[in-house]
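Peer 1: I'm passing along upload.txt; it holds compact mmCIF, C-alpha atoms.
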```txt
# COMPACT_ATOMS: atom_id res chain seq x y z
CA MET I 114 81.16 87.33 56.20
CA ARG I 115 80.37 87.85 52.52
CA SER I 116 76.63 87.64 53.14
CA ALA I 117 76.88 90.02 56.11
CA LEU I 118 78.60 92.50 53.85
CA LEU I 119 76.07 92.04 51.08
CA ALA I 120 73.27 92.68 53.52
CA LEU I 121 75.13 95.75 54.64
CA VAL I 122 75.57 97.04 51.12
CA VAL I 123 71.84 96.60 50.51
CA LEU I 124 71.18 98.70 53.62
CA MET I 125 73.26 101.51 52.25
CA ALA I 126 70.52 103.84 51.25
CA GLY I 127 70.68 107.63 51.22
CA ALA I 128 73.50 108.87 53.38
CA ILE I 129 72.50 111.43 55.96
CA ALA I 130 75.32 113.91 56.33
CA ALA I 131 76.54 113.87 59.91
CA THR I 132 78.30 116.84 61.44
CA ALA I 133 81.10 116.44 63.95
CA GLU I 134 78.65 116.87 66.84
CA THR I 135 76.37 114.09 65.69
CA ARG I 136 79.14 111.56 65.12
CA THR I 137 79.16 108.59 67.42
CA SER I 138 82.18 107.31 69.29
CA ALA I 139 82.53 103.55 69.42
CA ARG I 140 82.50 103.98 73.21
CA GLU I 141 78.83 104.94 73.17
CA LEU I 142 77.98 101.72 71.33
CA LEU I 143 79.78 99.42 73.75
CA PRO I 144 77.81 97.38 76.28
CA PRO I 145 77.43 99.35 79.55
CA GLU I 146 79.88 97.13 81.45
CA LEU I 147 82.65 97.87 78.94
CA GLN I 148 81.88 101.59 79.00
CA ALA I 149 82.18 101.44 82.78
CA GLN I 150 85.46 99.54 82.51
CA GLN I 151 86.92 102.13 80.14
CA ALA I 152 85.88 104.90 82.54
CA ASP I 153 87.50 103.20 85.55
CA ASP I 154 91.26 103.79 85.41
CA ASP I 155 91.74 101.04 87.97
CA ALA I 156 90.04 98.45 85.74
CA ASN I 157 90.85 99.71 82.21
CA PRO I 158 93.76 97.51 81.06
CA GLY I 159 94.89 100.24 78.65
CA MET I 160 96.07 102.16 81.70
CA LEU I 161 98.85 99.57 82.04
CA TRP I 162 100.41 100.96 78.87
CA VAL I 163 99.94 104.50 80.12
CA THR I 164 101.85 103.49 83.24
CA SER I 165 104.60 101.86 81.15
CA GLY I 166 104.84 105.04 79.11
CA GLN I 167 105.18 107.08 82.26
CA GLN I 168 108.09 104.87 83.31
CA LEU I 169 109.75 105.21 79.89
CA TRP I 170 109.27 108.99 79.94
CA SER I 171 112.01 109.42 82.53
CA MET I 172 114.25 106.55 81.40
CA PRO I 173 117.48 107.65 79.65
CA ALA I 174 117.98 106.32 76.12
CA GLY I 175 120.29 106.85 73.15
CA ALA I 176 123.90 107.90 72.77
CA ASN I 177 123.54 110.95 75.02
CA ALA I 178 121.60 109.05 77.69
CA LYS I 179 118.78 111.60 77.63
CA SER I 180 115.23 110.98 78.75
CA CYS I 181 112.08 112.62 77.46
CA SER I 182 111.63 114.32 80.82
CA GLU I 183 115.03 116.05 80.62
CA CYS I 184 113.82 118.18 77.74
CA HIS I 185 110.06 118.16 78.27
CA GLY I 186 109.81 118.08 82.07
CA ASP I 187 106.52 117.02 83.58
CA ALA I 188 104.41 115.44 80.84
CA THR I 189 101.17 116.25 82.63
CA THR I 190 101.78 119.89 81.76
CA SER I 191 104.17 119.85 78.76
CA MET I 192 102.22 117.20 76.82
CA ARG I 193 98.75 118.41 77.74
CA GLY I 194 96.76 119.07 74.57
CA ILE I 195 99.51 117.91 72.19
CA ALA I 196 97.81 114.72 70.96
CA ALA I 197 94.60 116.66 70.29
CA ARG I 198 96.35 118.51 67.45
CA TYR I 199 98.10 115.55 65.81
CA PRO I 200 98.79 114.60 63.05
CA ALA I 201 100.55 117.91 62.39
CA ILE I 202 103.10 119.32 59.98
CA ASP I 203 106.64 119.27 61.36
CA ALA I 204 108.06 122.76 60.83
CA LYS I 205 111.62 121.52 60.21
CA SER I 206 111.01 118.83 57.62
CA GLY I 207 107.65 120.00 56.28
CA ARG I 208 106.41 116.42 56.75
CA LEU I 209 103.06 115.44 58.20
CA MET I 210 103.70 113.41 61.35
CA ASN I 211 101.37 111.53 63.62
CA LEU I 212 102.13 111.20 67.31
CA GLU I 213 104.07 107.95 66.95
CA GLN I 214 106.27 109.51 64.27
CA ARG I 215 106.74 112.69 66.28
CA ILE I 216 107.93 110.67 69.27
CA ASN I 217 110.27 108.63 67.08
CA ASN I 218 111.51 111.84 65.51
CA CYS I 219 112.47 113.06 68.96
CA ARG I 220 114.36 109.85 69.54
CA THR I 221 116.33 110.01 66.31
CA ALA I 222 116.81 113.79 66.00
CA ASN I 223 116.97 114.91 69.62
CA MET I 224 118.18 111.86 71.56
CA ALA I 225 120.53 110.10 69.12
CA ALA I 226 118.48 106.98 69.79
CA ALA I 227 117.09 104.41 67.38
CA ALA I 228 113.48 104.74 66.25
CA LEU I 229 111.18 102.41 68.18
CA PRO I 230 109.35 99.72 66.14
CA TYR I 231 105.89 101.04 65.24
CA GLU I 232 103.67 98.45 66.90
CA GLY I 233 106.18 97.55 69.62
CA GLU I 234 105.30 97.84 73.30
CA ASP I 235 107.53 100.86 73.99
CA LEU I 236 106.17 103.09 71.25
CA LEU I 237 102.62 102.06 72.10
CA ALA I 238 103.29 102.90 75.73
CA LEU I 239 104.88 106.30 75.04
CA THR I 240 102.15 107.20 72.56
CA ALA I 241 99.45 106.14 75.01
CA TYR I 242 101.10 108.13 77.78
CA VAL I 243 101.43 111.29 75.69
CA ALA I 244 97.91 110.94 74.22
CA HIS I 245 96.48 110.32 77.69
CA GLN I 246 97.62 113.82 78.71
CA SER I 247 94.96 115.12 76.29
CA ARG I 248 92.14 112.95 77.58
CA GLY I 249 88.97 115.00 77.82
CA LEU I 250 90.28 117.74 75.53
CA PRO I 251 88.66 118.41 72.14
CA VAL I 252 90.41 117.29 68.96
CA SER I 253 91.50 120.28 66.92
CA VAL I 254 93.92 119.58 64.06
CA ARG I 255 95.13 122.07 61.48
CA ILE I 256 93.91 121.23 58.02
CA ASP I 257 94.94 124.45 56.28
CA ASN I 258 98.16 125.56 54.57
CA ALA I 259 100.74 122.77 54.33
CA ALA I 260 98.31 120.28 55.92
CA ALA I 261 95.59 120.91 53.33
CA PRO I 262 96.83 118.54 50.59
CA HIS I 263 97.27 115.77 53.19
CA PHE I 264 93.75 116.30 54.48
CA GLU I 265 92.43 116.20 50.94
CA ALA I 266 94.34 112.98 50.17
CA GLY I 267 92.92 111.47 53.37
CA ARG I 268 89.42 112.54 52.43
CA ARG I 269 89.74 110.93 49.00
CA PHE I 270 90.97 107.71 50.57
CA TYR I 271 88.01 107.75 52.97
CA PHE I 272 85.42 107.99 50.22
CA GLU I 273 87.12 105.64 47.75
CA ARG I 274 85.57 102.21 47.30
CA GLN I 275 88.19 99.65 48.24
CA GLY I 276 89.06 95.99 48.26
CA GLN I 277 87.32 92.94 46.88
CA LEU I 278 84.15 94.03 48.65
CA ASN I 279 84.35 97.43 46.98
CA VAL I 280 83.14 99.52 49.91
CA SER I 281 84.46 102.82 51.22
CA CYS I 282 85.15 103.79 54.81
CA SER I 283 82.21 106.17 54.53
CA GLN I 284 79.74 103.44 53.58
CA CYS I 285 80.29 101.88 56.98
CA HIS I 286 81.25 104.82 59.19
CA ASP I 287 78.74 107.37 57.81
CA ASP I 288 75.95 105.38 56.23
CA ASN I 289 75.65 102.51 58.69
CA VAL I 290 76.45 103.96 62.10
CA GLY I 291 74.70 102.01 64.85
CA ARG I 292 74.08 98.94 62.67
CA ARG I 293 75.52 95.56 63.56
CA LEU I 294 78.38 93.97 61.69
CA ARG I 295 79.53 90.63 63.05
CA GLY I 296 79.97 91.21 66.79
CA ASP I 297 80.27 94.98 66.52
CA ARG I 298 78.04 97.98 66.20
CA ILE I 299 79.49 100.37 63.64
CA SER I 300 80.61 103.74 65.00
CA SER I 301 81.59 106.91 63.18
CA GLY I 302 85.19 105.67 63.01
CA LEU I 303 86.64 108.42 65.19
CA PRO I 304 90.37 108.22 65.99
CA THR I 305 89.92 109.68 69.49
CA ALA I 306 90.43 106.54 71.60
CA TRP I 307 93.75 105.39 70.19
CA PRO I 308 96.06 103.77 71.08
CA ALA I 309 93.29 101.62 72.55
CA TYR I 310 93.01 98.25 74.25
CA ARG I 311 91.13 95.75 72.11
CA LEU I 312 89.77 92.68 73.86
CA ASP I 313 90.07 90.86 70.54
CA TRP I 314 93.82 91.54 70.51
CA GLN I 315 94.16 91.17 74.30
CA LYS I 316 96.46 94.15 74.22
CA MET I 317 96.96 97.75 73.31
CA GLY I 318 97.20 98.63 69.63
CA SER I 319 97.73 101.69 67.49
CA LEU I 320 95.18 103.44 65.31
CA HIS I 321 97.03 102.08 62.29
CA ARG I 322 96.53 98.54 63.51
CA ARG I 323 92.80 99.31 63.70
CA LEU I 324 92.90 100.77 60.18
CA ARG I 325 94.66 97.65 58.94
CA ALA I 326 91.85 95.58 60.44
CA CYS I 327 89.28 97.69 58.56
CA SER I 328 91.30 97.34 55.33
CA LEU I 329 91.40 93.57 55.81
CA GLY I 330 87.67 93.58 56.54
CA VAL I 331 86.95 94.77 53.01
CA ARG I 332 89.77 92.61 51.58
CA ALA I 333 91.79 95.65 50.60
CA GLU I 334 95.57 95.95 50.83
CA GLN I 335 96.74 96.49 54.39
CA LEU I 336 99.12 99.42 54.25
CA ASP I 337 102.24 99.63 56.39
CA PHE I 338 102.15 101.06 59.90
CA GLY I 339 103.00 104.73 59.55
CA SER I 340 102.54 104.73 55.77
CA PRO I 341 101.90 108.21 54.32
CA GLU I 342 98.45 107.08 53.10
CA TYR I 343 97.35 106.06 56.60
CA VAL I 344 98.84 109.23 58.14
CA ASN I 345 96.89 111.35 55.63
CA LEU I 346 93.79 109.31 56.44
CA GLU I 347 94.47 109.80 60.14
CA LEU I 348 94.51 113.57 59.56
CA TYR I 349 91.18 113.36 57.76
CA LEU I 350 89.70 111.26 60.57
CA ALA I 351 90.97 113.77 63.14
CA GLY I 352 89.51 116.65 61.11
CA ARG I 353 86.16 114.83 61.01
CA ALA I 354 86.40 114.35 64.78
CA ASP I 355 86.88 118.07 65.39
CA GLY I 356 85.58 118.94 68.87
CA HIS I 357 85.27 115.31 69.98
CA LEU I 358 87.11 114.54 73.19
CA VAL I 359 90.28 112.45 73.32
CA GLU I 360 89.58 109.17 75.16
CA THR I 361 92.97 107.44 75.26
CA PRO I 362 93.20 104.74 76.46
CA GLY I 363 89.97 103.52 74.87
CA LEU I 364 88.63 100.03 75.49
CA ARG I 365 87.22 98.22 72.48
CA LYS I 366 85.86 94.81 71.57
CA MET P 229 110.31 94.56 84.45
CA ARG P 230 106.57 94.12 84.20
CA THR P 231 104.08 96.88 84.62
CA ALA P 232 101.37 96.51 87.24
CA ARG P 233 98.84 98.94 88.66
CA ILE P 234 97.53 98.78 92.18
CA ALA P 235 94.63 100.96 93.29
CA MET P 236 94.18 101.15 97.05
CA PRO P 237 93.87 103.90 99.65
CA LYS P 238 97.02 105.06 101.45
CA THR P 239 95.20 105.52 104.74
CA ALA P 240 92.25 103.93 106.51
CA ARG P 241 90.67 103.78 109.93
CA LYS P 242 90.93 100.57 111.90
CA GLY P 243 88.02 98.33 110.95
CA ASP P 244 87.41 99.98 107.55
CA ILE P 245 86.80 97.78 104.55
CA VAL P 246 89.55 98.53 102.05
CA GLU P 247 88.96 97.86 98.35
CA ILE P 248 91.97 96.92 96.24
CA LYS P 249 92.12 96.60 92.46
CA THR P 250 95.09 95.25 90.52
CA LEU P 251 96.13 94.92 86.89
CA ILE P 252 99.31 93.49 85.38
CA ILE P 253 100.71 93.25 81.87
CA HIS P 254 101.07 89.55 81.11
CA PRO P 255 100.37 87.63 77.88
CA MET P 256 98.71 84.62 79.64
CA GLU P 257 99.98 82.49 76.78
CA THR P 258 97.96 79.25 76.82
CA GLY P 259 100.54 77.04 75.14
CA PHE P 260 97.95 75.99 72.57
CA ARG P 261 98.61 78.77 70.10
CA ARG P 262 100.95 78.78 67.11
CA ASP P 263 102.94 81.78 65.94
CA ASP P 264 102.90 83.27 62.43
CA VAL P 265 105.17 80.55 61.06
CA GLY P 266 103.36 77.69 62.77
CA ARG P 267 105.66 77.04 65.71
CA PRO P 268 103.87 76.33 69.00
CA VAL P 269 104.11 79.27 71.41
CA PRO P 270 105.28 77.95 74.78
CA ARG P 271 102.83 78.20 77.64
CA ASP P 272 103.42 81.14 79.96
CA ILE P 273 100.61 81.98 82.33
CA ILE P 274 100.37 83.50 85.77
CA GLY P 275 99.17 80.56 87.84
CA LEU P 276 99.06 82.25 91.19
CA PHE P 277 98.49 85.73 92.56
CA THR P 278 98.88 86.29 96.29
CA VAL P 279 98.68 89.30 98.56
CA THR P 280 100.02 89.55 102.08
CA TYR P 281 99.20 92.33 104.54
CA ALA P 282 101.60 92.87 107.43
CA GLY P 283 102.93 89.36 106.78
CA THR P 284 99.57 87.59 106.64
CA GLU P 285 98.03 86.31 103.42
CA VAL P 286 94.78 88.16 102.72
CA PHE P 287 94.14 87.16 99.12
CA ARG P 288 95.04 84.22 96.89
CA MET P 289 93.88 83.56 93.36
CA ASP P 290 94.62 80.62 91.08
CA LEU P 291 94.60 81.39 87.37
CA PHE P 292 94.35 78.98 84.44
CA PRO P 293 95.04 78.94 80.71
CA GLY P 294 92.01 80.62 79.19
CA VAL P 295 92.12 83.58 81.55
CA ALA P 296 92.49 86.66 79.34
CA ALA P 297 95.82 88.46 79.05
CA ASN P 298 96.66 91.28 81.46
CA PRO P 299 94.56 89.91 84.31
CA PHE P 300 92.52 92.14 86.60
CA ALA P 301 91.76 91.22 90.22
CA ALA P 302 89.76 93.07 92.85
CA PHE P 303 89.16 92.19 96.48
CA THR P 304 88.48 93.77 99.85
CA THR P 305 90.15 93.35 103.21
CA ILE P 306 89.74 94.91 106.64
CA ALA P 307 92.20 97.52 107.88
CA THR P 308 93.72 96.18 111.08
CA GLU P 309 97.12 97.84 111.50
CA THR P 310 99.64 99.99 109.65
CA GLY P 311 101.58 97.62 107.43
CA GLU P 312 102.89 96.64 104.06
CA PHE P 313 100.91 94.92 101.33
CA VAL P 314 103.02 92.66 99.14
CA PHE P 315 101.50 91.64 95.79
CA THR P 316 103.17 88.65 94.12
CA TRP P 317 102.36 87.27 90.67
CA THR P 318 103.92 83.90 89.85
CA ASP P 319 104.01 82.58 86.29
CA ASP P 320 105.47 79.52 84.57
CA LYS P 321 108.94 81.07 84.76
CA GLY P 322 108.81 81.82 88.50
CA VAL P 323 108.06 85.05 90.34
CA ALA P 324 106.92 87.40 87.58
CA HIS P 325 106.45 90.57 89.54
CA VAL P 326 106.24 91.98 93.06
CA GLU P 327 104.69 95.28 94.14
CA LYS P 328 104.60 96.75 97.62
CA MET P 329 102.25 99.35 99.11
CA THR P 330 101.87 100.64 102.63
CA LEU P 331 98.54 101.22 104.34
CA THR P 332 98.58 103.60 107.28
CA VAL P 333 95.86 102.77 109.76
CA SER P 334 94.69 105.27 112.35
```
As structure tokens, how would this structure be written, given the file I've shared?
Peer 2:
Amino acid sequence: MRSALLALVVLMAGAIAATAETRTSARELLPPELQAQQADDDANPGMLWVTSGQQLWSMPAGANAKSCSECHGDATTSMRGIAARYPAIDAKSGRLMNLEQRINNCRTANMAAAALPYEGEDLLALTAYVAHQSRGLPVSVRIDNAAAPHFEAGRRFYFERQGQLNVSCSQCHDDNVGRRLRGDRISSGLPTAWPAYRLDWQKMGSLHRRLRACSLGVRAEQLDFGSPEYVNLELYLAGRADGHLVETPGLRK
Amino acid sequence: MRTARIAMPKTARKGDIVEIKTLIIHPMETGFRRDDVGRPVPRDIIGLFTVTYAGTEVFRMDLFPGVAANPFAAFTTIATETGEFVFTWTDDKGVAHVEKMTLTVS
């Protein structure tokens, strides 16, 4: 592991600035059979969570026994395009929220229901279901006005050298795209596939779980699910992925 | 309740080959793993998946520890008559999940 990283660091020569269009989704670097499996809704196991989310969508919850569908109706129309512009600033609180937090906010503020645990099956399922309604649509987050300082904080985090290995996100996801690292080929680190099904986990997981795996990979502190630092980073990643199409549910190694 | 997905046509002509694909959420816990605090995680796997069509078994699959979680299965059968498909997954705790689909044959 250490030697693989050292080799990698040696490879880190002059960075070629990539634009959004030239960035590479991890999907394109998967073996063809896994790409085909992601593309086949009948074989992509992530679709199981989308189906669970669809079931939860119309299930009453909370003190007023309300379901998502009572307020939002048919998700295939009301939720279309929503995930493509998250994280976003919540007008009421002024807070930056990612999709998981937005859904939980609806539960606590609009349904008098308890927030769902971040990496629990129900929140993964609802997030996957809502994000899936944007599949094929281009990511387009706001990074101006109230979002600007969050984007800037995310950008700083992305370029900061971190952990015992002292490497930044950029050194892998900009400078070494396409190169091998352990069993993987390094992609541009786009957030477009998440929540995604990872074969390594044998289940669906959130983007923040993926980020925690990258933090661990460089022996940096793994931040909490939903921590403001990761949500800022998520906004930066989404800004970098501008115009890339939402893939949820992605399939990953 | 478990979540399963069944992909199959709703209608077919008599004699057609019908392709069916299935997925189910299941941990396929081998019984060999330990949890975060070192306690063994009890075995819980789907051992058997069967499908009947108009009362006759058309597919049967044995599964073992080591099969990945959330198992996928695909098979084909021949459309003979209008009837119900019953998909039954059985795990270490008993019948884990049943799904039913009707195929209309013309």
Peer 1: I'd like a table as a tab-separated table: residues in chain I with an atom no more than 10 Å from chain P, each row giving the shortest atom pair and its distance in Å to one decimal, all atoms listed in the file counted, sorted by chain and rising residue number.
Peer 2:
```
residue	atom	partner	partner_atom	distance
I:Asp154	CA	P:Ala235	CA	9.0
I:Asp155	CA	P:Ala235	CA	6.1
I:Ala156	CA	P:Phe300	CA	6.8
I:Asn157	CA	P:Leu251	CA	8.5
I:Pro158	CA	P:Leu251	CA	6.8
I:Gly159	CA	P:Asn298	CA	9.6
I:Met160	CA	P:Arg233	CA	8.2
I:Leu161	CA	P:Thr231	CA	6.4
I:Trp162	CA	P:Thr231	CA	7.9
I:Val163	CA	P:Thr231	CA	9.8
I:Thr164	CA	P:Thr231	CA	7.1
I:Ser165	CA	P:Thr231	CA	6.1
I:Gly166	CA	P:Thr231	CA	9.9
I:Gln168	CA	P:Thr231	CA	9.0
I:Leu312	CA	P:Ala296	CA	8.6
I:Trp314	CA	P:Ala297	CA	9.3
I:Gln315	CA	P:Ala297	CA	5.7
I:Lys316	CA	P:Ala297	CA	7.5
```
Peer 1: Which distance in Å separates CA of Ala225 (chain I) and CA of Met172 (chain I), to one decimal?
Peer 2: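 We find that CA of Ala225 (chain I) and CA of Met172 (chain I) lie 14.2 Å from each other.
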Peer 1: With a distance cut-off of 10 Å and only C-alpha atoms, select the neighbouring residues of region 273-276 of chain P, excluding the residue or stretch itself and same-chain residues fewer than 3 positions from it, and output the selection as a list of chain:residue names.
Peer 2: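 Returned residues: P:His254, P:Pro255, P:Met256, P:Glu257, P:Thr258, P:Gly259, P:Pro270, P:Arg288, P:Met289, P:Asp290, P:Leu291, P:Phe292, P:Pro293, P:Gly294, P:Val295, P:Ala296, P:Ala297, P:Asn298, P:Pro299, P:Thr316, P:Trp317, P:Thr318, P:Asp319, P:Asp320, P:Lys321, P:Gly322, P:Val323, P:Ala324.
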Peer 1: Any idea what's packed within 9 Å of Ala244 (chain I), counting all atoms listed in the file, ignoring anything in its chain fewer than 3 positions away? Could you give it as a PDB file with C-alpha atoms, keeping the file's coordinate frame?
Peer 2:
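Dumped to part_29.pdb:
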```
ATOM      1  CA  VAL I 163      99.940 104.500  80.120  1.00  0.00           C
ATOM      2  CA  MET I 192     102.220 117.200  76.820  1.00  0.00           C
ATOM      3  CA  ARG I 193      98.750 118.410  77.740  1.00  0.00           C
ATOM      4  CA  GLY I 194      96.760 119.070  74.570  1.00  0.00           C
ATOM      5  CA  ILE I 195      99.510 117.910  72.190  1.00  0.00           C
ATOM      6  CA  ALA I 196      97.810 114.720  70.960  1.00  0.00           C
ATOM      7  CA  ALA I 197      94.600 116.660  70.290  1.00  0.00           C
ATOM      8  CA  LEU I 212     102.130 111.200  67.310  1.00  0.00           C
ATOM      9  CA  LEU I 239     104.880 106.300  75.040  1.00  0.00           C
ATOM     10  CA  THR I 240     102.150 107.200  72.560  1.00  0.00           C
ATOM     11  CA  ALA I 241      99.450 106.140  75.010  1.00  0.00           C
ATOM     12  CA  SER I 247      94.960 115.120  76.290  1.00  0.00           C
ATOM     13  CA  ARG I 248      92.140 112.950  77.580  1.00  0.00           C
ATOM     14  CA  TRP I 307      93.750 105.390  70.190  1.00  0.00           C
ATOM     15  CA  PRO I 308      96.060 103.770  71.080  1.00  0.00           C
ATOM     16  CA  VAL I 359      90.280 112.450  73.320  1.00  0.00           C
ATOM     17  CA  GLU I 360      89.580 109.170  75.160  1.00  0.00           C
ATOM     18  CA  THR I 361      92.970 107.440  75.260  1.00  0.00           C
ATOM     19  CA  PRO I 362      93.200 104.740  76.460  1.00  0.00           C
TER      20      PRO I 362
END
```
Peer 1: Would you mind reading off the distance between CA of Asp257 (chain I) and CA of Leu209 (chain I), one decimal, in Å?
Peer 2: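 Separation between CA of Asp257 (chain I) and CA of Leu209 (chain I): 12.3 Å.
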Peer 1: What is the CA of Glu334 (chain I)-CA of Gln277 (chain I) distance in Å, reported with one decimal?
Peer 2: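 Distance between the two atoms: 9.6 Å.
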Peer 1: Smallest atom-to-atom distance to Glu141 (chain I): which of I:Ser340, I:Ser301, I:Ser283, I:Asn345, using all atoms listed in the file?
Peer 2: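 Of I:Ser340, I:Ser301, I:Ser283, I:Asn345, the one nearest Glu141 (chain I) is I:Ser301, counting all atoms listed in the file.
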Peer 1: Find the spatial neighbours of Val279 (chain P), counting only C-alpha atoms, within a cut-off of 8 Å - ignore same-chain residues fewer than 6 positions away - and output them as a VMD selection string.
Peer 2: chain P and resid 285 to 288 313 to 316
Peer 1: Restricting the calculation to all atoms listed in the file, which member of I:Tyr310, I:Phe272, I:Tyr231, I:Phe264 is positioned closest to Cys285 (chain I)?
Peer 2: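 Between I:Tyr310, I:Phe272, I:Tyr231, I:Phe264, the residue approaching Cys285 (chain I) most closely is I:Phe272.
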Peer 1: Counting only C-alpha atoms, I want the residues whose atoms come within 8 Å of (84.5, 93.1, 76.6) in the file frame, returned as a list in words.
Peer 2: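 With a cut-off of 8 Å, the residues come to Pro144, Glu146, Leu147, Leu312, Arg365 and Lys366 of chain I.
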Peer 1: In the coordinate frame of the file, compute which residues have an atom within 9 Å of (96.1, 96.0, 107.8) when using only C-alpha atoms, and state them as a compact mmCIF listing (two decimals) with C-alpha atoms, in the coordinates of the input.
Peer 2:
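Saved to selection20.txt:
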```
# COMPACT_ATOMS: atom_id res chain seq x y z
CA ALA P 240 92.25 103.93 106.51
CA LYS P 242 90.93 100.57 111.90
CA GLY P 243 88.02 98.33 110.95
CA TYR P 281 99.20 92.33 104.54
CA ALA P 282 101.60 92.87 107.43
CA THR P 305 90.15 93.35 103.21
CA ILE P 306 89.74 94.91 106.64
CA ALA P 307 92.20 97.52 107.88
CA THR P 308 93.72 96.18 111.08
CA GLU P 309 97.12 97.84 111.50
CA THR P 310 99.64 99.99 109.65
CA GLY P 311 101.58 97.62 107.43
CA GLU P 312 102.89 96.64 104.06
CA PHE P 313 100.91 94.92 101.33
CA LEU P 331 98.54 101.22 104.34
CA THR P 332 98.58 103.60 107.28
CA VAL P 333 95.86 102.77 109.76
```
Peer 1: Residues at most 10 Å from Trp170 (chain I), counting only C-alpha atoms, excluding those fewer than 2 positions away in the same chain, as a VMD selection string?
Peer 2: chain I and resid 164 to 168 172 to 174 180 to 183 185 to 188 238 to 239 242 to 243
Peer 1: Restricting the calculation to all atoms listed in the file, which member of I:Asn177, I:Tyr349, I:Leu169, I:Ala306 is positioned closest to Gly318 (chain I)?
Peer 2: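 Among the listed residues, the smallest separation from Gly318 (chain I) belongs to I:Ala306.
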Peer 1: Closest to Leu358 (chain I) among I:Leu142, I:Leu320, I:Cys327, I:Val252, using all atoms listed in the file?
Peer 2: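 Ranked by minimum distance to Leu358 (chain I), first place goes to I:Val252.
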